[in-house]
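The data block below is start-v9.cif; it holds mmCIF, C-alpha atoms.
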data_my_file
loop_
_atom_site.label_atom_id
_atom_site.label_comp_id
_atom_site.auth_asym_id
_atom_site.auth_seq_id
_atom_site.Cartn_x
_atom_site.Cartn_y
_atom_site.Cartn_z
CA VAL A 933 213.91 -6.30 113.61
CA SER A 934 212.59 -2.79 113.06
CA LEU A 935 208.79 -2.99 113.36
CA ASN A 936 205.76 -0.77 113.06
CA HIS A 937 203.25 -0.29 115.88
CA SER A 938 201.03 -3.32 115.12
CA HIS A 939 204.04 -5.61 114.77
CA GLN A 940 205.47 -4.24 118.01
CA ALA A 941 202.30 -5.28 119.79
CA GLN A 942 202.34 -8.72 118.13
CA ILE A 943 205.93 -9.49 119.02
CA PHE A 944 205.35 -8.15 122.56
CA GLU A 945 202.49 -10.63 122.94
CA LEU A 946 204.61 -13.50 121.56
CA LEU A 947 207.55 -12.69 123.82
CA LEU A 948 205.29 -12.88 126.85
CA SER A 949 203.78 -16.20 125.78
CA HIS A 950 204.99 -19.45 127.33
CA ARG A 951 206.12 -20.77 123.94
CA PHE A 952 208.39 -17.89 122.98
CA THR A 953 211.52 -20.09 123.32
CA GLN A 954 210.12 -22.27 120.53
CA ILE A 955 209.78 -19.22 118.32
CA TYR A 956 212.90 -17.16 119.01
CA SER A 957 216.49 -18.41 119.27
CA LYS A 958 219.04 -16.92 121.65
CA ASP A 959 221.00 -15.45 118.73
CA TYR A 960 217.86 -13.82 117.37
CA LEU A 961 217.01 -12.27 120.72
CA GLU A 962 220.54 -10.91 121.17
CA GLU A 963 220.39 -9.24 117.76
CA ALA A 964 216.86 -8.07 118.43
CA VAL A 965 217.87 -6.35 121.67
CA LYS A 966 220.58 -4.41 119.80
CA GLU A 967 218.15 -3.27 117.12
CA TRP A 968 215.37 -2.52 119.58
CA SER A 969 217.71 -0.34 121.62
CA LEU A 970 218.24 1.86 118.56
CA GLU A 971 214.52 1.88 117.83
CA ALA A 972 213.72 2.83 121.42
CA ASP A 973 215.97 5.89 121.16
CA ARG A 974 214.25 6.94 117.95
CA TYR A 975 210.74 6.50 119.36
CA LEU A 976 211.68 8.48 122.45
CA LYS A 977 213.09 11.28 120.31
CA ASP A 978 209.96 11.33 118.11
CA GLY A 979 207.63 11.35 121.11
CA GLU A 980 205.97 8.02 120.20
CA GLU A 981 205.31 6.98 123.78
CA LEU A 982 203.34 3.77 123.19
CA ASN A 983 205.79 2.39 120.64
CA HIS A 984 208.63 3.34 122.98
CA SER A 985 206.99 1.50 125.90
CA LEU A 986 206.27 -1.60 123.80
CA ILE A 987 209.79 -1.86 122.48
CA VAL A 988 211.30 -1.24 125.93
CA SER A 989 209.07 -4.07 127.18
CA ASN A 990 210.52 -6.30 124.45
CA ILE A 991 214.05 -5.35 125.48
CA ILE A 992 213.39 -6.09 129.15
CA TRP A 993 211.66 -9.41 128.55
CA ALA A 994 214.28 -10.64 126.06
CA SER A 995 217.13 -9.49 128.34
CA TYR A 996 215.49 -11.36 131.23
CA PHE A 997 215.68 -14.66 129.38
CA LEU A 998 219.18 -13.88 128.14
CA ASP A 999 220.28 -13.22 131.77
CA ASP A 1000 221.46 -9.81 130.56
CA PHE A 1001 220.59 -7.94 133.73
CA GLN A 1002 222.76 -4.95 132.89
CA THR A 1003 220.64 -4.15 129.82
CA LEU A 1004 217.44 -4.98 131.70
CA THR A 1005 218.13 -2.60 134.57
CA GLN A 1006 219.23 0.07 132.10
CA TYR A 1007 215.66 0.21 130.76
CA SER A 1008 213.72 -0.69 133.90
CA ASP A 1009 213.08 2.88 135.11
CA LYS A 1010 211.74 3.87 131.69
CA LEU A 1011 209.20 1.07 131.76
CA VAL A 1012 208.14 1.55 135.37
CA SER A 1013 207.46 5.25 134.79
CA SER A 1014 205.59 4.64 131.51
CA LYS A 1015 202.05 6.00 131.43
CA SER A 1016 201.25 4.61 127.98
CA LEU A 1017 201.74 0.86 128.56
CA PRO A 1018 198.39 -0.68 129.62
CA TYR A 1019 198.00 -1.77 133.23
CA SER A 1020 197.53 -5.48 132.56
CA ILE A 1021 198.90 -8.94 133.36
CA PHE A 1022 201.55 -8.30 130.69
CA ARG A 1023 202.81 -5.27 132.56
CA MET A 1024 202.78 -7.38 135.72
CA ARG A 1025 205.07 -9.94 134.04
CA ILE A 1026 207.48 -7.19 133.03
CA TYR A 1027 207.51 -5.98 136.64
CA GLY A 1028 208.33 -9.57 137.62
CA ALA A 1029 211.32 -9.63 135.26
CA ILE A 1030 212.60 -6.32 136.66
CA ASP A 1031 212.01 -7.56 140.20
CA TYR A 1032 214.04 -10.71 139.50
CA SER A 1033 216.91 -8.72 137.97
CA TYR A 1034 217.12 -6.54 141.09
CA TYR A 1035 217.10 -9.69 143.25
CA THR A 1036 219.83 -11.37 141.20
CA THR A 1037 222.05 -8.30 141.42
CA GLN A 1038 221.22 -7.96 145.14
CA GLN A 1039 219.48 -4.59 144.76
CA TYR A 1040 216.87 -5.54 147.34
CA ASP A 1041 215.88 -1.96 148.17
CA LYS A 1042 214.95 -1.37 144.54
CA SER A 1043 212.94 -4.60 144.50
CA LEU A 1044 211.00 -3.51 147.58
CA LYS A 1045 210.31 -0.08 146.13
CA LEU A 1046 209.08 -1.64 142.89
CA GLN A 1047 206.78 -3.98 144.82
CA ARG A 1048 205.34 -1.38 147.15
CA GLU A 1049 204.82 1.39 144.60
CA HIS A 1050 203.94 -0.60 141.47
CA SER A 1051 203.67 -4.41 141.59
CA LEU A 1052 201.36 -4.75 144.60
CA PRO A 1053 199.07 -1.86 143.59
CA LEU A 1054 198.76 -3.35 140.09
CA ALA A 1055 198.08 -6.86 141.44
CA ASN A 1056 195.40 -5.43 143.73
CA PHE A 1057 193.92 -3.48 140.81
CA LEU A 1058 193.78 -6.67 138.74
CA GLY A 1059 192.40 -8.65 141.67
CA ASP A 1060 195.11 -11.25 141.13
CA LYS A 1061 195.38 -13.00 144.50
CA GLU A 1062 198.04 -15.41 143.25
CA GLN A 1063 200.31 -12.54 142.19
CA ILE A 1064 199.72 -10.72 145.49
CA TRP A 1065 200.77 -13.87 147.35
CA LYS A 1066 203.92 -14.34 145.21
CA ILE A 1067 204.93 -10.69 145.57
CA LYS A 1068 204.56 -10.81 149.34
CA ILE A 1069 206.61 -14.03 149.46
CA ARG A 1070 209.42 -12.24 147.60
CA GLN A 1071 208.96 -9.19 149.80
CA GLY A 1072 209.71 -11.34 152.84
CA VAL A 1073 212.84 -12.67 151.13
CA TYR A 1074 214.15 -9.18 150.30
CA LEU A 1075 213.48 -7.82 153.78
CA TYR A 1076 215.30 -10.82 155.22
CA SER A 1077 218.23 -10.28 152.85
CA LEU A 1078 218.46 -6.65 154.01
CA GLY A 1079 218.54 -7.75 157.63
CA LYS A 1080 215.05 -6.36 158.30
CA TYR A 1081 214.01 -9.51 160.12
CA GLU A 1082 211.15 -8.01 162.12
CA GLU A 1083 209.49 -6.66 158.96
CA SER A 1084 210.10 -9.93 157.13
CA LYS A 1085 208.65 -11.85 160.08
CA ASN A 1086 205.51 -9.70 160.01
CA VAL A 1087 204.99 -10.37 156.30
CA TYR A 1088 205.42 -14.11 156.74
CA GLU A 1089 203.25 -14.29 159.88
CA GLU A 1090 200.40 -12.66 157.96
CA LEU A 1091 200.78 -15.13 155.08
CA TYR A 1092 201.29 -18.08 157.42
CA ALA A 1093 198.03 -17.30 159.23
CA GLN A 1094 196.23 -17.26 155.87
CA SER A 1095 197.73 -20.62 154.95
CA HIS A 1096 196.44 -22.25 158.17
CA GLY A 1097 199.93 -23.58 158.85
CA GLU A 1098 199.89 -25.80 155.77
CA ASP A 1099 202.55 -24.03 153.72
CA PHE A 1100 206.00 -25.57 154.14
CA TYR A 1101 207.82 -22.69 152.46
CA LEU A 1102 206.27 -20.09 154.77
CA LEU A 1103 206.92 -22.22 157.84
CA THR A 1104 210.65 -22.56 157.14
CA ASN A 1105 211.12 -18.92 156.09
CA LEU A 1106 209.25 -17.69 159.14
CA SER A 1107 211.38 -19.91 161.36
CA ASN A 1108 214.54 -18.41 159.81
CA ASN A 1109 213.35 -14.97 160.89
CA TYR A 1110 212.71 -16.27 164.39
CA TYR A 1111 216.29 -17.53 164.43
CA LYS A 1112 217.70 -14.14 163.39
CA LEU A 1113 215.58 -12.37 166.00
CA GLY A 1114 216.78 -14.70 168.73
CA TYR A 1115 213.55 -16.66 169.18
CA SER A 1116 215.44 -19.95 169.43
CA ASN A 1117 212.56 -22.00 170.79
CA LYS A 1118 210.21 -20.89 168.02
CA TYR A 1119 212.91 -21.50 165.42
CA ILE A 1120 213.71 -25.07 166.42
CA SER A 1121 210.02 -25.82 166.96
CA PHE A 1122 209.16 -24.71 163.41
CA GLN A 1123 212.12 -26.58 161.90
CA LEU A 1124 211.21 -29.83 163.65
CA ARG A 1125 207.56 -29.31 162.68
CA ALA A 1126 208.70 -29.00 159.08
CA LEU A 1127 210.03 -32.58 159.26
CA GLU A 1128 206.41 -33.73 159.71
CA PHE A 1129 205.51 -32.62 156.18
CA GLU A 1130 205.27 -35.06 153.29
CA PHE A 1131 208.08 -34.01 151.01
CA LYS A 1132 207.13 -34.20 147.36
CA ASP A 1133 210.40 -32.42 146.60
CA TYR A 1134 213.36 -33.98 148.43
CA ARG A 1135 215.20 -30.64 148.24
CA ASN A 1136 212.81 -29.22 150.82
CA LEU A 1137 213.85 -31.98 153.22
CA LEU A 1138 217.48 -31.15 152.47
CA ASN A 1139 216.84 -27.51 153.38
CA VAL A 1140 215.43 -28.50 156.76
CA TYR A 1141 218.36 -30.80 157.50
CA ARG A 1142 220.79 -28.03 156.51
CA ASN A 1143 218.98 -25.52 158.72
CA LEU A 1144 219.17 -27.92 161.66
CA PHE A 1145 222.85 -28.51 160.94
CA LEU A 1146 223.52 -24.75 161.01
CA TYR A 1147 221.43 -24.28 164.16
CA TYR A 1148 223.19 -26.98 166.14
CA THR A 1149 226.57 -25.83 164.83
CA ALA A 1150 225.90 -22.31 166.10
CA ASN A 1151 224.85 -23.74 169.46
CA LYS A 1152 228.02 -25.88 169.69
CA ASP A 1153 226.02 -29.13 169.64
CA ILE A 1154 228.48 -30.71 167.22
CA SER A 1155 227.08 -34.23 167.54
CA SER A 1156 223.56 -33.15 166.51
CA ALA A 1157 224.95 -30.91 163.78
CA LEU A 1158 226.90 -33.72 162.14
CA GLN A 1159 223.91 -36.04 162.53
CA TYR A 1160 221.72 -33.76 160.42
CA ILE A 1161 224.34 -33.02 157.76
CA GLU A 1162 224.81 -36.77 157.35
CA LYS A 1163 221.04 -37.13 156.89
CA ALA A 1164 221.20 -34.41 154.25
CA LYS A 1165 224.06 -36.18 152.50
CA GLU A 1166 222.09 -39.44 152.51
CA VAL A 1167 219.09 -37.75 150.86
CA ALA A 1168 221.33 -36.16 148.21
CA VAL A 1169 223.05 -39.49 147.47
CA ASN A 1170 219.72 -41.36 147.22
CA ASN A 1171 218.54 -38.79 144.67
CA ASN A 1172 221.83 -38.71 142.71
CA ASP A 1173 222.00 -34.95 143.26
CA SER A 1174 225.63 -33.98 142.78
CA THR A 1175 224.86 -30.27 143.13
CA GLU A 1176 223.32 -30.74 146.58
CA LEU A 1177 226.28 -32.92 147.59
CA ALA A 1178 228.55 -30.08 146.50
CA LEU A 1179 226.58 -27.62 148.63
CA ILE A 1180 226.94 -29.97 151.60
CA ASP A 1181 230.70 -30.05 150.99
CA SER A 1182 230.63 -26.25 151.01
CA TYR A 1183 228.80 -26.20 154.36
CA LEU A 1184 231.27 -28.71 155.78
CA GLY A 1185 234.15 -26.52 154.59
CA THR A 1186 232.71 -23.62 156.55
CA PHE A 1187 232.08 -25.93 159.52
CA TYR A 1188 235.65 -27.21 159.78
CA TRP A 1189 237.07 -23.71 159.43
CA THR A 1190 234.77 -21.87 161.84
CA GLN A 1191 234.65 -24.61 164.48
CA TYR A 1192 238.18 -26.00 164.40
CA ARG A 1193 240.23 -23.63 162.20
CA ASP A 1194 241.16 -26.79 160.29
CA HIS A 1195 242.16 -25.23 156.99
CA LYS A 1196 243.11 -28.54 155.40
CA LYS A 1197 239.68 -30.11 155.88
CA ALA A 1198 237.98 -26.82 155.06
CA LEU A 1199 239.83 -26.41 151.77
CA GLU A 1200 239.38 -30.08 150.92
CA ASN A 1201 235.61 -29.66 151.17
CA PHE A 1202 235.63 -26.33 149.36
CA ASP A 1203 237.66 -27.88 146.52
CA ALA A 1204 235.20 -30.78 146.25
CA ALA A 1205 232.29 -28.34 146.07
CA GLN A 1206 233.97 -26.13 143.48
CA GLN A 1207 234.63 -29.06 141.15
CA VAL A 1208 230.90 -29.73 140.89
CA LEU A 1209 229.15 -26.36 141.23
CA SER A 1210 228.57 -24.47 138.02
CA PRO A 1211 229.21 -20.71 138.14
CA SER A 1212 226.50 -20.20 135.51
CA ASP A 1213 223.82 -22.39 137.09
CA ASN A 1214 224.71 -21.76 140.75
CA TYR A 1215 226.13 -18.25 140.64
CA ILE A 1216 225.22 -17.11 144.17
CA LYS A 1217 226.48 -20.31 145.82
CA TYR A 1218 229.59 -20.37 143.65
CA ILE A 1219 230.56 -16.75 144.31
CA ASP A 1220 229.99 -17.28 148.06
CA LEU A 1221 232.18 -20.38 147.90
CA LEU A 1222 234.98 -18.42 146.24
CA GLY A 1223 234.69 -15.78 148.95
CA GLU A 1224 234.96 -18.30 151.79
CA LYS A 1225 237.76 -20.25 150.14
CA GLY A 1226 239.72 -17.08 149.40
CA ASP A 1227 239.23 -15.90 152.97
CA VAL A 1228 240.74 -19.13 154.35
CA TYR A 1229 243.81 -18.73 152.15
CA PHE A 1230 244.04 -15.08 153.23
CA ARG A 1231 243.88 -16.02 156.93
CA ILE A 1232 246.65 -18.63 156.59
CA ASP A 1233 248.80 -16.17 154.62
CA SER A 1234 248.65 -18.12 151.38
CA LEU A 1235 248.19 -14.82 149.60
CA SER A 1236 249.03 -15.87 146.03
CA LYS A 1237 246.24 -18.46 146.21
CA ALA A 1238 243.88 -15.93 147.77
CA ARG A 1239 244.66 -13.39 145.04
CA GLU A 1240 244.01 -15.96 142.32
CA ILE A 1241 240.63 -16.85 143.82
CA PHE A 1242 239.47 -13.27 144.36
CA LYS A 1243 240.51 -12.38 140.80
CA SER A 1244 238.32 -15.26 139.60
CA ALA A 1245 235.47 -13.91 141.74
CA LYS A 1246 235.98 -10.43 140.29
CA ASP A 1247 235.87 -11.73 136.70
CA LEU A 1248 232.78 -13.84 137.41
CA ALA A 1249 230.94 -10.93 139.05
CA LEU A 1250 231.84 -8.72 136.09
CA SER A 1251 230.47 -11.31 133.65
CA LYS A 1252 227.19 -11.27 135.59
CA SER A 1253 227.14 -7.45 135.89
CA ASN A 1254 226.93 -7.88 139.67
CA THR A 1255 228.38 -4.68 141.10
CA VAL A 1256 228.12 -5.73 144.76
CA ASP A 1257 230.08 -8.96 144.27
CA TYR A 1258 232.55 -7.14 142.03
CA LEU A 1259 233.21 -4.55 144.74
CA ASP A 1260 233.54 -7.32 147.33
CA ALA A 1261 236.23 -9.00 145.25
CA LEU A 1262 238.06 -5.67 144.78
CA ILE A 1263 238.01 -5.03 148.54
CA ASN A 1264 239.47 -8.49 149.16
CA LEU A 1265 242.19 -7.86 146.58
CA ALA A 1266 243.00 -4.52 148.20
CA ALA A 1267 243.34 -6.27 151.58
CA ILE A 1268 245.88 -8.68 150.06
CA GLU A 1269 247.96 -5.84 148.61
CA LEU A 1270 247.92 -4.04 151.95
CA LYS A 1271 248.97 -7.21 153.76
CA GLN A 1272 251.96 -7.44 151.40
CA ASN A 1273 252.62 -3.71 151.80
CA ASN A 1274 251.99 -3.10 148.08
CA MET A 1275 250.63 0.39 148.63
CA GLN A 1276 250.66 1.44 144.98
CA ALA A 1277 248.65 -1.62 143.90
CA ALA A 1278 246.21 -1.06 146.80
CA GLU A 1279 245.76 2.59 145.82
CA GLU A 1280 244.89 1.60 142.24
CA ILE A 1281 242.24 -0.79 143.50
CA PHE A 1282 240.74 1.85 145.82
CA ASP A 1283 240.67 4.28 142.89
CA GLU A 1284 238.58 1.76 140.95
CA ILE A 1285 236.26 1.16 143.92
CA ASN A 1286 235.71 4.92 144.21
CA LEU A 1287 234.29 4.95 140.69
CA TYR A 1288 231.19 3.16 142.04
CA PRO A 1289 228.45 4.64 144.22
CA LEU A 1290 228.13 2.73 147.48
CA ASP A 1291 224.44 3.50 147.97
CA ASP A 1292 223.29 -0.06 147.22
CA VAL A 1293 226.06 -1.79 149.17
CA ASP A 1294 224.82 -3.63 152.25
CA PHE A 1295 226.07 -2.73 155.72
CA PRO A 1296 228.49 -5.68 156.26
CA LEU A 1297 230.27 -5.01 152.95
CA LEU A 1298 230.35 -1.28 153.63
CA THR A 1299 231.91 -1.98 157.04
CA LYS A 1300 234.44 -4.28 155.42
CA PHE A 1301 235.34 -1.58 152.89
CA PHE A 1302 235.96 1.11 155.53
CA THR A 1303 237.90 -1.34 157.70
CA VAL A 1304 240.25 -2.28 154.86
CA ARG A 1305 240.56 1.31 153.66
CA SER A 1306 241.48 2.49 157.18
CA GLU A 1307 244.59 0.33 156.91
CA PHE A 1308 245.56 2.26 153.80
CA LEU A 1309 245.03 5.78 155.12
#
Rewritten as structure tokens:
Amino acid sequence: VSLNHSHQAQIFELLLSHRFTQIYSKDYLEEAVKEWSLEADRYLKDGEELNHSLIVSNIIWASYFLDDFQTLTQYSDKLVSSKSLPYSIFRMRIYGAIDYSYYTTQQYDKSLKLQREHSLPLANFLGDKEQIWKIKIRQGVYLYSLGKYEESKNVYEELYAQSHGEDFYLLTNLSNNYYKLGYSNKYISFQLRALEFEFKDYRNLLNVYRNLFLYYTANKDISSALQYIEKAKEVAVNNNDSTELALIDSYLGTFYWTQYRDHKKALENFDAAQQVLSPSDNYIKYIDLLGEKGDVYFRIDSLSKAREIFKSAKDLALSKSNTVDYLDALINLAAIELKQNNMQAAEEIFDEINLYPLDDVDFPLLTKFFTVRSEFL
């Protein structure tokens, strides 16, 4: 896979084409990434900046399609800081791959920094209005994920005004920010307005029904909540969507636990969801499901079951190179050991946690960590 400069440029162009999957197999790409990593080191050592940037681009793009986010993020800073790679739509696509890897590994701050300092300026330079729109959409998502609801709201309000109220996605995301900021009337108004859209994709209708279910659940209107989750279930059944049915089971598991502390019904629904959801295709939902299910077992003192589930979550997070979820699982395991007064086992887990910087950990998880650790000290 070692290539000269002209071949580097050719393979870079092919990798970025829409038909690359017809040209390169997964096995080829995995071997290529290994060889390119060695080549990148050599080019860097020899001061061949353009060749180094091209081959790093190959590594990033191939790793993106291999879901190898650990390798991707390892090279991301080198690409972003490159002064030799042309400022073009190809560079924009590489930024998109890096952006997605940060999102998948929940490094939202890094995504925002990449957008503000590189992606948006490049999109403006290229005059690519479609890319600007897409970047700002993602920007709203990341701000929301970081709990910066006011900033996210401002982004979406600007885009929503430009769309003349005709964009379903913006309407629902903006309404979610209104909900978080306590604008209940605006939230429910936007959600009900969303039901007036013609739904080409039934999953959009499912999202609205789920949002209404969550809203009415939070407001203790149990009758309305169950009405909308039943509507969601009906849509999923009519479309033979087993994954959506599993997600509904997951929501119902949370519902029965939070509203009634009915662990039997909660676990029954969580089990039904887990049997269908794929950890590879639905990683975020699956890892969240494991967290909720493990927490129920922890609360009812079924600690062996809780430990088994959190160990599964830890292994899954490790396989996805997701440090945040890995740390979350470790914290949960430490809490179990402390609850059983296994101080030595808890200490070993805290020693492992301390190997990781906590800079990119969100506030709720950081609070959880210090709360659990305080029980140890």
Write out as number ranges by chain each polymer residue whose atoms come within 9 Å of range 1022-1034 of chain A, counting only C-alpha atoms; drop sequence neighbours fewer than 6 positions from it.
-> A: 944-945, 948, 989, 992-993, 996-997, 999-1002, 1004-1005, 1008, 1011-1012, 1040-1044, 1046-1047, 1050-1051, 1054-1055, 1063, 1067
With C-alpha atoms retained, could you export that selection as a PDB file, keeping the file's coordinate frame?
ATOM      1  CA  PHE A 944     205.350  -8.150 122.560  1.00  0.00           C
ATOM      2  CA  GLU A 945     202.490 -10.630 122.940  1.00  0.00           C
ATOM      3  CA  LEU A 948     205.290 -12.880 126.850  1.00  0.00           C
ATOM      4  CA  SER A 989     209.070  -4.070 127.180  1.00  0.00           C
ATOM      5  CA  ILE A 992     213.390  -6.090 129.150  1.00  0.00           C
ATOM      6  CA  TRP A 993     211.660  -9.410 128.550  1.00  0.00           C
ATOM      7  CA  TYR A 996     215.490 -11.360 131.230  1.00  0.00           C
ATOM      8  CA  PHE A 997     215.680 -14.660 129.380  1.00  0.00           C
ATOM      9  CA  ASP A 999     220.280 -13.220 131.770  1.00  0.00           C
ATOM     10  CA  ASP A1000     221.460  -9.810 130.560  1.00  0.00           C
ATOM     11  CA  PHE A1001     220.590  -7.940 133.730  1.00  0.00           C
ATOM     12  CA  GLN A1002     222.760  -4.950 132.890  1.00  0.00           C
ATOM     13  CA  LEU A1004     217.440  -4.980 131.700  1.00  0.00           C
ATOM     14  CA  THR A1005     218.130  -2.600 134.570  1.00  0.00           C
ATOM     15  CA  SER A1008     213.720  -0.690 133.900  1.00  0.00           C
ATOM     16  CA  LEU A1011     209.200   1.070 131.760  1.00  0.00           C
ATOM     17  CA  VAL A1012     208.140   1.550 135.370  1.00  0.00           C
ATOM     18  CA  TYR A1040     216.870  -5.540 147.340  1.00  0.00           C
ATOM     19  CA  ASP A1041     215.880  -1.960 148.170  1.00  0.00           C
ATOM     20  CA  LYS A1042     214.950  -1.370 144.540  1.00  0.00           C
ATOM     21  CA  SER A1043     212.940  -4.600 144.500  1.00  0.00           C
ATOM     22  CA  LEU A1044     211.000  -3.510 147.580  1.00  0.00           C
ATOM     23  CA  LEU A1046     209.080  -1.640 142.890  1.00  0.00           C
ATOM     24  CA  GLN A1047     206.780  -3.980 144.820  1.00  0.00           C
ATOM     25  CA  HIS A1050     203.940  -0.600 141.470  1.00  0.00           C
ATOM     26  CA  SER A1051     203.670  -4.410 141.590  1.00  0.00           C
ATOM     27  CA  LEU A1054     198.760  -3.350 140.090  1.00  0.00           C
ATOM     28  CA  ALA A1055     198.080  -6.860 141.440  1.00  0.00           C
ATOM     29  CA  GLN A1063     200.310 -12.540 142.190  1.00  0.00           C
ATOM     30  CA  ILE A1067     204.930 -10.690 145.570  1.00  0.00           C
TER      31      ILE A1067
END
Target residues per the PyMOL selection byres ((chain A and resi 1204-1209) around 8), formatted as a list of chain:residue names =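 When the PyMOL selection byres ((chain A and resi 1204-1209) around 8) is applied to the shown file, the picked residues are A:Ser1174, A:Thr1175, A:Leu1177, A:Ala1178, A:Leu1179, A:Ile1180, A:Asp1181, A:Ser1182, A:Glu1200, A:Asn1201, A:Phe1202, A:Asp1203, A:Ser1210, A:Pro1211, A:Asp1213, A:Asn1214, A:Tyr1218, A:Leu1221.
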Output of the above residues as a PDB file, in the coordinates of the input, restricted to C-alpha atoms:
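In the end it all went to out16.pdb:
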ATOM      1  CA  SER A1174     225.630 -33.980 142.780  1.00  0.00           C
ATOM      2  CA  THR A1175     224.860 -30.270 143.130  1.00  0.00           C
ATOM      3  CA  LEU A1177     226.280 -32.920 147.590  1.00  0.00           C
ATOM      4  CA  ALA A1178     228.550 -30.080 146.500  1.00  0.00           C
ATOM      5  CA  LEU A1179     226.580 -27.620 148.630  1.00  0.00           C
ATOM      6  CA  ILE A1180     226.940 -29.970 151.600  1.00  0.00           C
ATOM      7  CA  ASP A1181     230.700 -30.050 150.990  1.00  0.00           C
ATOM      8  CA  SER A1182     230.630 -26.250 151.010  1.00  0.00           C
ATOM      9  CA  GLU A1200     239.380 -30.080 150.920  1.00  0.00           C
ATOM     10  CA  ASN A1201     235.610 -29.660 151.170  1.00  0.00           C
ATOM     11  CA  PHE A1202     235.630 -26.330 149.360  1.00  0.00           C
ATOM     12  CA  ASP A1203     237.660 -27.880 146.520  1.00  0.00           C
ATOM     13  CA  SER A1210     228.570 -24.470 138.020  1.00  0.00           C
ATOM     14  CA  PRO A1211     229.210 -20.710 138.140  1.00  0.00           C
ATOM     15  CA  ASP A1213     223.820 -22.390 137.090  1.00  0.00           C
ATOM     16  CA  ASN A1214     224.710 -21.760 140.750  1.00  0.00           C
ATOM     17  CA  TYR A1218     229.590 -20.370 143.650  1.00  0.00           C
ATOM     18  CA  LEU A1221     232.180 -20.380 147.900  1.00  0.00           C
TER      19      LEU A1221
END
Please, which residues are within 8 Å of (244.7, 1.1, 153.0) by the file's coordinates, counting all atoms listed in the file, and could they come as a PyMOL selection string?
-> chain A and resi 1266-1267+1270+1275+1278-1279+1304-1309
Output C-alpha atoms for every residue in the selection just made, as a compact mmCIF listing (two decimals), in the coordinates of the input.
# COMPACT_ATOMS: atom_id res chain seq x y z
CA ALA A 1266 243.00 -4.52 148.20
CA ALA A 1267 243.34 -6.27 151.58
CA LEU A 1270 247.92 -4.04 151.95
CA MET A 1275 250.63 0.39 148.63
CA ALA A 1278 246.21 -1.06 146.80
CA GLU A 1279 245.76 2.59 145.82
CA VAL A 1304 240.25 -2.28 154.86
CA ARG A 1305 240.56 1.31 153.66
CA SER A 1306 241.48 2.49 157.18
CA GLU A 1307 244.59 0.33 156.91
CA PHE A 1308 245.56 2.26 153.80
CA LEU A 1309 245.03 5.78 155.12
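The space between CA of Ser1212 in chain A and CA of Val1167 in chain A spans 24.5 Å.
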Using the chain letters and numbers from the file, which residues does the PyMOL selection byres ((chain A and resi 1086-1103) around 10) grab, as JSON, numbers by chain?
-> {"A": [1065, 1068, 1069, 1070, 1071, 1072, 1073, 1075, 1081, 1082, 1083, 1084, 1085, 1104, 1105, 1106, 1107, 1108, 1109, 1119, 1122, 1123, 1125, 1126, 1127, 1128, 1129, 1130, 1131, 1136]}
Could you dump the residues just selected with C-alpha atoms as an mmCIF file, in the coordinates of the input?
data_model
loop_
_atom_site.group_PDB
_atom_site.id
_atom_site.type_symbol
_atom_site.label_atom_id
_atom_site.label_comp_id
_atom_site.auth_asym_id
_atom_site.auth_seq_id
_atom_site.Cartn_x
_atom_site.Cartn_y
_atom_site.Cartn_z
ATOM 1 C CA TRP A 1065 200.770 -13.870 147.350
ATOM 2 C CA LYS A 1068 204.560 -10.810 149.340
ATOM 3 C CA ILE A 1069 206.610 -14.030 149.460
ATOM 4 C CA ARG A 1070 209.420 -12.240 147.600
ATOM 5 C CA GLN A 1071 208.960 -9.190 149.800
ATOM 6 C CA GLY A 1072 209.710 -11.340 152.840
ATOM 7 C CA VAL A 1073 212.840 -12.670 151.130
ATOM 8 C CA LEU A 1075 213.480 -7.820 153.780
ATOM 9 C CA TYR A 1081 214.010 -9.510 160.120
ATOM 10 C CA GLU A 1082 211.150 -8.010 162.120
ATOM 11 C CA GLU A 1083 209.490 -6.660 158.960
ATOM 12 C CA SER A 1084 210.100 -9.930 157.130
ATOM 13 C CA LYS A 1085 208.650 -11.850 160.080
ATOM 14 C CA THR A 1104 210.650 -22.560 157.140
ATOM 15 C CA ASN A 1105 211.120 -18.920 156.090
ATOM 16 C CA LEU A 1106 209.250 -17.690 159.140
ATOM 17 C CA SER A 1107 211.380 -19.910 161.360
ATOM 18 C CA ASN A 1108 214.540 -18.410 159.810
ATOM 19 C CA ASN A 1109 213.350 -14.970 160.890
ATOM 20 C CA TYR A 1119 212.910 -21.500 165.420
ATOM 21 C CA PHE A 1122 209.160 -24.710 163.410
ATOM 22 C CA GLN A 1123 212.120 -26.580 161.900
ATOM 23 C CA ARG A 1125 207.560 -29.310 162.680
ATOM 24 C CA ALA A 1126 208.700 -29.000 159.080
ATOM 25 C CA LEU A 1127 210.030 -32.580 159.260
ATOM 26 C CA GLU A 1128 206.410 -33.730 159.710
ATOM 27 C CA PHE A 1129 205.510 -32.620 156.180
ATOM 28 C CA GLU A 1130 205.270 -35.060 153.290
ATOM 29 C CA PHE A 1131 208.080 -34.010 151.010
ATOM 30 C CA ASN A 1136 212.810 -29.220 150.820
#
Starting from the displayed file, determine the output of the PyMOL selection byres ((chain A and resi 1252) around 12) and express the residue list as a ChimeraX atom specification.
-> /A:998-1003,1033,1036-1038,1211-1216,1219,1245-1251,1253-1258
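For the point (208.2, 3.1, 126.0) in file coordinates, the residues within 10 Å, using only C-alpha atoms, are Ala972, Asp973, Tyr975, Leu976, Gly979, Glu980, Glu981, Leu982, Asn983, His984, Ser985, Leu986, Ile987, Val988, Ser989, Asn990, Tyr1007, Lys1010, Leu1011, Val1012, Ser1013, Ser1014, Lys1015, Ser1016 and Leu1017 of chain A.
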Write out as a ChimeraX atom specification each polymer residue whose atoms come within 10 Å of Phe1295 in chain A, counting only C-alpha atoms; drop sequence neighbours fewer than 6 positions from it.
-> /A:1078-1079,1301
